>>> print(open('data22.cif').read())   # mmCIF, C-alpha atoms and all ligand atoms
data_work
#
loop_
_atom_site.label_atom_id
_atom_site.label_comp_id
_atom_site.auth_asym_id
_atom_site.auth_seq_id
_atom_site.Cartn_x
_atom_site.Cartn_y
_atom_site.Cartn_z
CA MET A 1 176.03 94.44 -158.67
CA SER A 2 177.80 94.17 -155.30
CA LYS A 3 176.30 95.27 -152.01
CA ILE A 4 177.94 96.53 -148.84
CA LYS A 5 176.39 96.80 -145.38
CA ILE A 6 176.93 100.41 -144.45
CA ALA A 7 176.93 101.60 -140.86
CA GLU A 8 177.60 105.26 -141.68
CA LEU A 9 178.28 107.36 -144.75
CA PHE A 10 179.11 110.98 -144.14
CA TYR A 11 181.25 113.93 -145.17
CA SER A 12 183.61 115.52 -142.66
CA ILE A 13 187.27 116.33 -142.24
CA GLN A 14 189.69 113.58 -141.44
CA GLY A 15 190.64 114.01 -137.78
CA GLU A 16 193.49 111.51 -137.56
CA GLY A 17 196.70 110.38 -139.19
CA ARG A 18 198.22 111.29 -142.56
CA TYR A 19 195.19 113.17 -143.91
CA MET A 20 194.32 115.12 -140.77
CA GLY A 21 192.33 118.19 -141.85
CA VAL A 22 191.53 116.94 -145.36
CA PRO A 23 187.86 116.98 -146.45
CA SER A 24 186.84 113.36 -146.62
CA VAL A 25 183.96 111.04 -147.33
CA PHE A 26 183.72 108.34 -144.67
CA LEU A 27 182.29 104.99 -145.60
CA ARG A 28 181.89 102.95 -142.44
CA THR A 29 181.26 99.30 -143.18
CA PHE A 30 179.50 96.95 -140.79
CA GLY A 31 181.32 94.13 -139.00
CA CYS A 32 184.51 93.67 -136.99
CA ASN A 33 186.58 90.74 -135.77
CA PHE A 34 187.35 92.52 -132.46
CA LYS A 35 185.45 94.12 -129.57
CA CYS A 36 188.12 96.38 -128.01
CA ALA A 37 186.18 96.50 -124.72
CA GLY A 38 189.34 97.38 -122.79
CA PHE A 39 189.80 100.93 -124.11
CA GLY A 40 189.68 103.49 -121.31
CA MET A 41 189.42 100.79 -118.62
CA PRO A 42 191.90 99.68 -115.95
CA ARG A 43 194.01 96.87 -117.38
CA GLY A 44 192.20 93.53 -117.31
CA GLU A 45 188.74 95.09 -117.04
CA VAL A 46 186.21 95.47 -119.82
CA SER A 47 183.69 98.19 -120.55
CA HIS A 48 180.00 97.36 -120.35
CA GLU A 49 178.76 100.65 -121.78
CA ALA A 50 178.01 99.31 -125.25
CA THR A 51 176.47 96.06 -124.02
CA ASP A 52 174.22 98.04 -121.65
CA ILE A 53 173.08 100.22 -124.55
CA ALA A 54 172.54 97.12 -126.68
CA ALA A 55 170.39 95.55 -123.95
CA THR A 56 168.17 98.65 -123.89
CA HIS A 57 167.98 98.72 -127.68
CA THR A 58 166.97 95.07 -127.87
CA MET A 59 164.37 95.37 -125.13
CA ILE A 60 162.55 98.53 -126.13
CA GLU A 61 163.84 99.23 -129.64
CA SER A 62 164.58 102.75 -128.55
CA PHE A 63 167.04 103.70 -131.27
CA GLN A 64 165.62 104.25 -134.73
CA LYS A 65 168.77 105.57 -136.30
CA TYR A 66 172.48 105.88 -135.71
CA GLU A 67 172.30 109.46 -134.48
CA ASP A 68 170.01 108.38 -131.62
CA LEU A 69 172.70 106.17 -130.10
CA PRO A 70 174.57 107.36 -127.01
CA LEU A 71 178.30 108.03 -127.29
CA VAL A 72 180.52 105.95 -125.03
CA SER A 73 183.62 106.99 -123.10
CA THR A 74 185.07 103.46 -122.77
CA GLY A 75 185.39 100.50 -125.13
CA CYS A 76 185.01 100.79 -128.91
CA ASP A 77 183.59 104.21 -129.82
CA SER A 78 182.05 102.83 -133.02
CA TYR A 79 180.37 99.88 -131.30
CA ALA A 80 177.22 100.07 -133.42
CA SER A 81 179.25 99.32 -136.54
CA TRP A 82 179.78 95.72 -135.50
CA MET A 83 177.53 94.67 -132.60
CA PRO A 84 174.84 92.32 -133.94
CA GLU A 85 172.22 94.06 -131.78
CA PHE A 86 172.55 97.16 -133.99
CA LYS A 87 172.77 95.48 -137.37
CA ASP A 88 169.32 96.73 -138.40
CA LEU A 89 170.60 100.32 -138.27
CA SER A 90 173.07 99.50 -141.05
CA PRO A 91 171.39 99.03 -144.44
CA MET A 92 172.78 96.75 -147.14
CA LEU A 93 173.28 99.09 -150.10
CA THR A 94 174.22 98.47 -153.70
CA THR A 95 177.45 100.11 -154.81
CA ASP A 96 175.34 102.33 -157.14
CA ALA A 97 173.26 103.52 -154.19
CA ILE A 98 176.43 104.24 -152.20
CA VAL A 99 177.89 106.32 -155.03
CA ASP A 100 174.59 108.21 -155.45
CA ARG A 101 174.68 109.08 -151.76
CA ILE A 102 178.32 110.19 -151.99
CA MET A 103 177.49 112.48 -154.90
CA GLU A 104 174.79 114.07 -152.75
CA ILE A 105 177.12 114.88 -149.87
CA ILE A 106 180.35 116.07 -151.48
CA PRO A 107 180.45 119.79 -152.29
CA HIS A 108 181.30 119.75 -156.02
CA LYS A 109 179.46 116.55 -156.95
CA GLU A 110 182.78 115.21 -158.13
CA TRP A 111 186.10 114.37 -156.53
CA ARG A 112 188.47 117.33 -156.23
CA GLU A 113 190.27 117.73 -152.93
CA GLU A 114 188.13 115.15 -151.16
CA HIS A 115 189.57 111.83 -150.16
CA LEU A 116 187.69 108.61 -149.42
CA VAL A 117 188.08 106.87 -146.07
CA ILE A 118 186.87 103.28 -145.94
CA THR A 119 186.59 102.48 -142.27
CA GLY A 120 184.67 100.29 -139.87
CA GLY A 121 184.28 98.13 -138.01
CA GLU A 122 186.99 96.33 -139.92
CA PRO A 123 186.65 97.28 -143.60
CA LEU A 124 188.93 94.52 -144.93
CA LEU A 125 186.93 91.68 -143.37
CA GLY A 126 184.53 90.55 -146.07
CA TRP A 127 183.88 93.57 -148.26
CA GLN A 128 187.07 93.35 -150.34
CA ARG A 129 185.06 91.54 -153.00
CA ALA A 130 182.67 94.53 -153.33
CA TYR A 131 185.14 97.42 -153.46
CA PRO A 132 186.15 96.99 -157.13
CA ASP A 133 182.50 97.59 -158.16
CA LEU A 134 182.41 100.69 -155.98
CA LEU A 135 185.73 102.15 -157.12
CA SER A 136 185.10 101.37 -160.80
CA HIS A 137 181.80 103.28 -160.86
CA PRO A 138 181.91 106.12 -163.46
CA ASN A 139 181.38 108.77 -160.76
CA MET A 140 184.41 107.50 -158.83
CA GLN A 141 186.89 107.94 -161.68
CA ASN A 142 188.28 111.27 -160.41
CA LEU A 143 188.90 109.88 -156.95
CA ALA A 144 192.65 110.06 -156.38
CA GLU A 145 193.14 109.19 -152.71
CA ILE A 146 191.74 106.39 -150.56
CA THR A 147 192.54 105.39 -147.01
CA PHE A 148 191.62 102.04 -145.53
CA GLU A 149 191.39 102.38 -141.77
CA THR A 150 192.09 98.84 -140.65
CA ASN A 151 193.15 96.98 -137.52
CA GLY A 152 195.82 95.24 -139.60
CA THR A 153 194.68 91.65 -139.09
CA GLN A 154 192.98 90.90 -142.40
CA PRO A 155 195.07 89.74 -145.37
CA LEU A 156 194.29 91.21 -148.77
CA THR A 157 192.82 88.74 -151.20
CA LEU A 158 194.88 88.12 -154.32
CA GLU A 159 192.09 89.55 -156.50
CA PHE A 160 191.69 92.73 -154.49
CA LYS A 161 195.43 93.27 -154.32
CA GLU A 162 195.66 93.07 -158.11
CA TYR A 163 192.72 95.43 -158.44
CA LEU A 164 194.33 97.97 -156.09
CA LYS A 165 197.60 97.85 -158.01
CA ASP A 166 195.75 98.69 -161.23
CA TRP A 167 193.78 101.41 -159.45
CA GLY A 168 197.03 102.83 -158.09
CA TYR A 169 198.49 103.24 -161.56
CA LYS A 170 195.40 104.99 -162.89
CA ASN A 171 195.74 108.48 -164.38
CA GLY A 172 199.52 108.43 -164.35
CA ARG A 173 199.86 107.83 -160.62
CA THR A 174 202.41 105.48 -159.17
CA TRP A 175 200.88 102.72 -157.11
CA CYS A 176 201.44 104.13 -153.66
CA GLN A 177 200.58 107.80 -154.20
CA GLY A 178 196.88 107.64 -153.58
CA LEU A 179 196.45 104.47 -151.58
CA THR A 180 196.92 104.48 -147.80
CA PHE A 181 196.57 101.80 -145.17
CA SER A 182 196.12 103.40 -141.77
CA VAL A 183 196.77 100.48 -139.45
CA SER A 184 195.42 100.94 -135.95
CA ALA A 185 197.01 97.85 -134.45
CA LYS A 186 195.42 96.88 -131.16
CA LEU A 187 197.62 96.79 -128.07
CA PRO A 188 196.65 94.92 -124.85
CA CYS A 189 194.92 98.10 -123.54
CA SER A 190 192.22 97.41 -126.15
CA GLY A 191 191.40 94.14 -124.40
CA GLU A 192 192.41 92.11 -127.47
CA VAL A 193 194.95 89.27 -127.39
CA TRP A 194 198.43 90.16 -128.69
CA GLU A 195 198.80 87.11 -130.94
CA GLU A 196 195.53 87.89 -132.67
CA ALA A 197 196.08 91.63 -132.93
CA ILE A 198 199.73 92.08 -133.92
CA LYS A 199 200.18 90.59 -137.39
CA PRO A 200 203.39 91.99 -138.89
CA GLU A 201 203.36 89.87 -142.06
CA ILE A 202 199.90 91.11 -143.02
CA VAL A 203 200.87 94.75 -142.53
CA CYS A 204 204.10 94.25 -144.50
CA ASP A 205 201.92 92.94 -147.32
CA TYR A 206 199.83 96.14 -147.31
CA GLU A 207 203.09 98.07 -147.56
CA GLN A 208 203.86 96.30 -150.83
CA ILE A 209 201.02 98.14 -152.56
CA GLY A 210 200.24 101.29 -150.58
CA TYR A 211 201.54 103.92 -148.19
CA THR A 212 201.18 102.21 -144.82
CA TYR A 213 201.59 103.46 -141.29
CA LEU A 214 200.98 102.17 -137.78
CA LYS A 215 198.84 104.12 -135.34
CA PHE A 216 198.71 103.09 -131.69
CA VAL A 217 196.04 104.34 -129.29
CA VAL A 218 197.70 104.79 -125.89
CA ALA A 219 196.96 106.19 -122.44
CA THR A 220 199.65 104.95 -120.02
CA GLU A 221 203.38 104.26 -119.84
CA GLN A 222 202.58 100.56 -120.08
CA ASP A 223 200.67 101.14 -123.33
CA ILE A 224 203.64 103.03 -124.75
CA ALA A 225 205.99 100.21 -123.70
CA ASP A 226 203.63 97.78 -125.46
CA ALA A 227 203.74 99.99 -128.56
CA GLU A 228 207.55 99.80 -128.51
CA CYS A 229 207.39 95.97 -128.41
CA ALA A 230 204.88 95.94 -131.26
CA VAL A 231 206.98 98.30 -133.37
CA ALA A 232 210.01 96.04 -132.81
CA ALA A 233 207.96 93.08 -134.06
CA TYR A 234 206.77 94.96 -137.17
CA ARG A 235 210.27 96.27 -137.91
CA SER A 236 211.83 92.83 -137.61
CA ALA A 237 209.30 91.58 -140.16
CA GLY A 238 210.48 94.31 -142.55
CA PHE A 239 207.93 97.06 -141.99
CA GLU A 240 209.42 100.45 -142.93
CA GLY A 241 206.53 102.90 -142.60
CA PRO A 242 205.97 105.63 -140.01
CA VAL A 243 204.57 105.13 -136.51
CA TYR A 244 201.98 107.35 -134.85
CA LEU A 245 200.86 107.56 -131.25
CA MET A 246 197.32 108.77 -130.67
CA PRO A 247 195.66 109.53 -127.32
CA VAL A 248 192.85 107.31 -126.15
CA GLY A 249 189.51 109.04 -125.72
CA GLY A 250 186.37 109.37 -127.79
CA VAL A 251 185.12 112.04 -125.38
CA GLU A 252 186.91 115.30 -124.69
CA SER A 253 187.35 114.80 -120.93
CA VAL A 254 189.30 111.56 -121.49
CA TYR A 255 191.19 112.72 -124.58
CA ALA A 256 192.29 115.99 -122.92
CA LEU A 257 193.75 114.06 -120.00
CA ASN A 258 196.60 112.59 -121.96
CA ASN A 259 197.00 114.20 -125.39
CA LYS A 260 200.03 116.30 -124.38
CA ASN A 261 201.74 113.35 -122.66
CA VAL A 262 201.18 111.22 -125.74
CA ALA A 263 202.64 113.96 -127.96
CA LEU A 264 205.73 114.13 -125.73
CA ALA A 265 206.10 110.34 -125.76
CA ALA A 266 205.92 110.32 -129.55
CA MET A 267 208.56 113.05 -129.83
CA LYS A 268 210.90 111.21 -127.48
CA ARG A 269 210.87 108.16 -129.73
CA GLY A 270 211.00 109.99 -133.04
CA TRP A 271 207.47 108.86 -133.82
CA ARG A 272 204.57 110.96 -135.09
CA TYR A 273 201.67 112.28 -133.05
CA SER A 274 198.14 112.01 -134.29
CA ASP A 275 195.43 114.14 -132.81
CA ARG A 276 191.74 113.25 -132.89
CA LEU A 277 190.39 116.48 -134.31
CA GLN A 278 186.85 115.13 -134.32
CA VAL A 279 186.84 115.12 -130.50
CA PRO A 280 187.52 118.82 -129.74
CA LEU A 281 185.82 120.01 -132.95
CA PHE A 282 182.70 117.88 -133.06
CA LYS A 283 182.62 116.08 -129.70
CA ASN A 284 183.04 112.85 -131.67
CA GLU A 285 179.34 112.85 -132.55
CA TRP A 286 178.08 110.29 -135.07
CA GLY A 287 178.69 111.49 -138.58
CA THR A 288 181.90 113.32 -137.74
S1 LIG A 301 188.98 97.12 -134.25
FE1 LIG A 301 188.14 99.20 -134.34
S2 LIG A 301 185.96 98.92 -134.86
FE2 LIG A 301 186.75 96.92 -134.25
S3 LIG A 301 186.19 96.81 -132.10
FE3 LIG A 301 188.29 97.61 -132.19
S4 LIG A 301 188.10 99.85 -132.19
FE4 LIG A 301 186.07 98.97 -132.66
#
>>> encode(input="data22.cif", output="structure tokens", more="lines below")
Ligand code: SF4
Amino acid sequence: MSKIKIAELFYSIQGEGRYMGVPSVFLRTFGCNFKCAGFGMPRGEVSHEATDIAATHTMIESFQKYEDLPLVSTGCDSYASWMPEFKDLSPMLTTDAIVDRIMEIIPHKEWREEHLVITGGEPLLGWQRAYPDLLSHPNMQNLAEITFETNGTQPLTLEFKEYLKDWGYKNGRTWCQGLTFSVSAKLPCSGEVWEEAIKPEIVCDYEQIGYTYLKFVVATEQDIADAECAVAAYRSAGFEGPVYLMPVGGVESVYALNNKNVALAAMKRGWRYSDRLQVPLFKNEWGT
């Protein structure tokens, strides 16, 4: 039986993108190929919030569980899902144990309206080999909608792609109805390098088997200009899906600074706006 290292598993409403407002189970896998230390910082600078927290954690082992960790206002807001210093807070669980836990937290003990979000970290890094075991579990048979929240840099393996095609045709569905790739491609404001973050061919490949959209986190005019360049690159590779702009800000004070401007910028370009409902509703606390 396969195992997956799970940073968080919780039930909430989806706060972003296509399924905003939909009751959802979030499976946050451990591990990421990026750091995104530039979010919320002046261009060229990196946040030290998470590394400072990690130093404290390592020295005095002050955090026993995820919920004890401080929230950050700069850098990656899910830092504990990939920083090695926090790996002990993320248990390696069998797919059976994951499904048992899901059955405990969803209201009807079966899939009705709920959708599954597989997020991270970067959920398509190494766990693709384990997802078929998870999704083929008898208690997952009624699940009709899955979103992979990915940074769009990890190619699908041939085996997993074939599995997802079969899954997509299950119960009379057509392949793309229930399968979504929410691609949060990282612009330079994240602190990541363009050539490593903008991978149009990989995202076009997702689009071959599932509903795929781009979602850019932006704060400034420069970020929006970068998003335009990235969209041009994806379009010239053949990408046809929608584009969202989403305001930067895991904490309300930062998010509220630019959400209206980001909405206006999206409208001007004929793009979509994505809110971050988890920020005003739940203050972006762990487990939301
Ligand atoms: S890709 Fe996502 S999880 Fe990974 S460091 Fe960036 S924001 Fe965090």
>>> closest_residue(input="data22.cif", among="A:Leu71, A:Ala50, A:Ala266, A:Ala37", to="ligand LIG 301 (chain A)", atoms="all atoms listed in the file")
A:Ala37
>>> residues_near_ligand(input="data22.cif", ligand="ligand LIG 301 (chain A)", cutoff="6 Å", atoms="only C-alpha atoms and all ligand atoms", output="PyMOL selection string")
chain A and resi 32+34-36+76+78-79+120-122+151
>>> write_last_selection(input="data22.cif", atoms="C-alpha atoms", output="PDB file, keeping the file's coordinate frame")
ATOM      1  CA  CYS A  32     184.510  93.670-136.990  1.00  0.00           C
ATOM      2  CA  PHE A  34     187.350  92.520-132.460  1.00  0.00           C
ATOM      3  CA  LYS A  35     185.450  94.120-129.570  1.00  0.00           C
ATOM      4  CA  CYS A  36     188.120  96.380-128.010  1.00  0.00           C
ATOM      5  CA  CYS A  76     185.010 100.790-128.910  1.00  0.00           C
ATOM      6  CA  SER A  78     182.050 102.830-133.020  1.00  0.00           C
ATOM      7  CA  TYR A  79     180.370  99.880-131.300  1.00  0.00           C
ATOM      8  CA  GLY A 120     184.670 100.290-139.870  1.00  0.00           C
ATOM      9  CA  GLY A 121     184.280  98.130-138.010  1.00  0.00           C
ATOM     10  CA  GLU A 122     186.990  96.330-139.920  1.00  0.00           C
ATOM     11  CA  ASN A 151     193.150  96.980-137.520  1.00  0.00           C
TER      12      ASN A 151
END
>>> closest_residue(input="data22.cif", among="A:Ile118, A:Ile98, A:Val248, A:Ala80", to="A:Leu27", atoms="all atoms listed in the file")
A:Ile118
>>> residues_around(input="data22.cif", residues="A:Phe30", least_positions_apart="2", cutoff="7 Å", atoms="only C-alpha atoms", output="list of chain:residue names")
A:Lys5, A:Ile6, A:Ala7, A:Arg28, A:Ser81, A:Trp82, A:Ser90, A:Gly120, A:Gly121
>>> write_last_selection(input="data22.cif", atoms="C-alpha atoms", output="mmCIF file, keeping the file's coordinate frame")
data_model
loop_
_atom_site.group_PDB
_atom_site.id
_atom_site.type_symbol
_atom_site.label_atom_id
_atom_site.label_comp_id
_atom_site.auth_asym_id
_atom_site.auth_seq_id
_atom_site.Cartn_x
_atom_site.Cartn_y
_atom_site.Cartn_z
ATOM 1 C CA LYS A 5 176.390 96.800 -145.380
ATOM 2 C CA ILE A 6 176.930 100.410 -144.450
ATOM 3 C CA ALA A 7 176.930 101.600 -140.860
ATOM 4 C CA ARG A 28 181.890 102.950 -142.440
ATOM 5 C CA SER A 81 179.250 99.320 -136.540
ATOM 6 C CA TRP A 82 179.780 95.720 -135.500
ATOM 7 C CA SER A 90 173.070 99.500 -141.050
ATOM 8 C CA GLY A 120 184.670 100.290 -139.870
ATOM 9 C CA GLY A 121 184.280 98.130 -138.010
#
>>> atom_distance(input="data22.cif", atom1="atom CA of A:Gly168", atom2="atom CA of A:Ser236")
27.2 Å
>>> closest_residue(input="data22.cif", among="A:Asn171, A:Glu159, A:Thr220, A:Gly75", to="A:Glu45", atoms="only C-alpha atoms")
A:Gly75
>>> closest_residue(input="data22.cif", among="A:Glu145, A:Asp52, A:Glu114, A:Glu8", to="A:Met92", atoms="all atoms listed in the file")
A:Glu8
>>> residues_around(input="data22.cif", residues="A:Pro188", least_positions_apart="4", cutoff="12 Å", atoms="only C-alpha atoms", output="PyMOL selection string")
chain A and resi 36-46+192-198+216-220+222-227+229-230
>>> atom_distance(input="data22.cif", atom1="atom CA of A:Ser12", atom2="atom CA of A:Val25")
6.5 Å
>>> atom_distance(input="data22.cif", atom1="atom CA of A:Ser274", atom2="atom CA of A:Pro247")
7.8 Å
>>> closest_residue(input="data22.cif", among="A:Gly152, A:Val203, A:Thr51, A:Asp77", to="A:Lys186", atoms="only C-alpha atoms")
A:Gly152
>>> axis_aligned_box(input="data22.cif", around="stretch 77-91 of chain A", padding_each_side="6 Å", output="JSON")
{"center_x": 176.5, "center_y": 98.3, "center_z": -137.1, "size_x": 26.3, "size_y": 23.9, "size_z": 26.6}
>>> closest_residue(input="data22.cif", among="A:Gln208, A:Ser24, A:Thr119, A:Thr180", to="A:Ile105", atoms="all atoms listed in the file")
A:Ser24
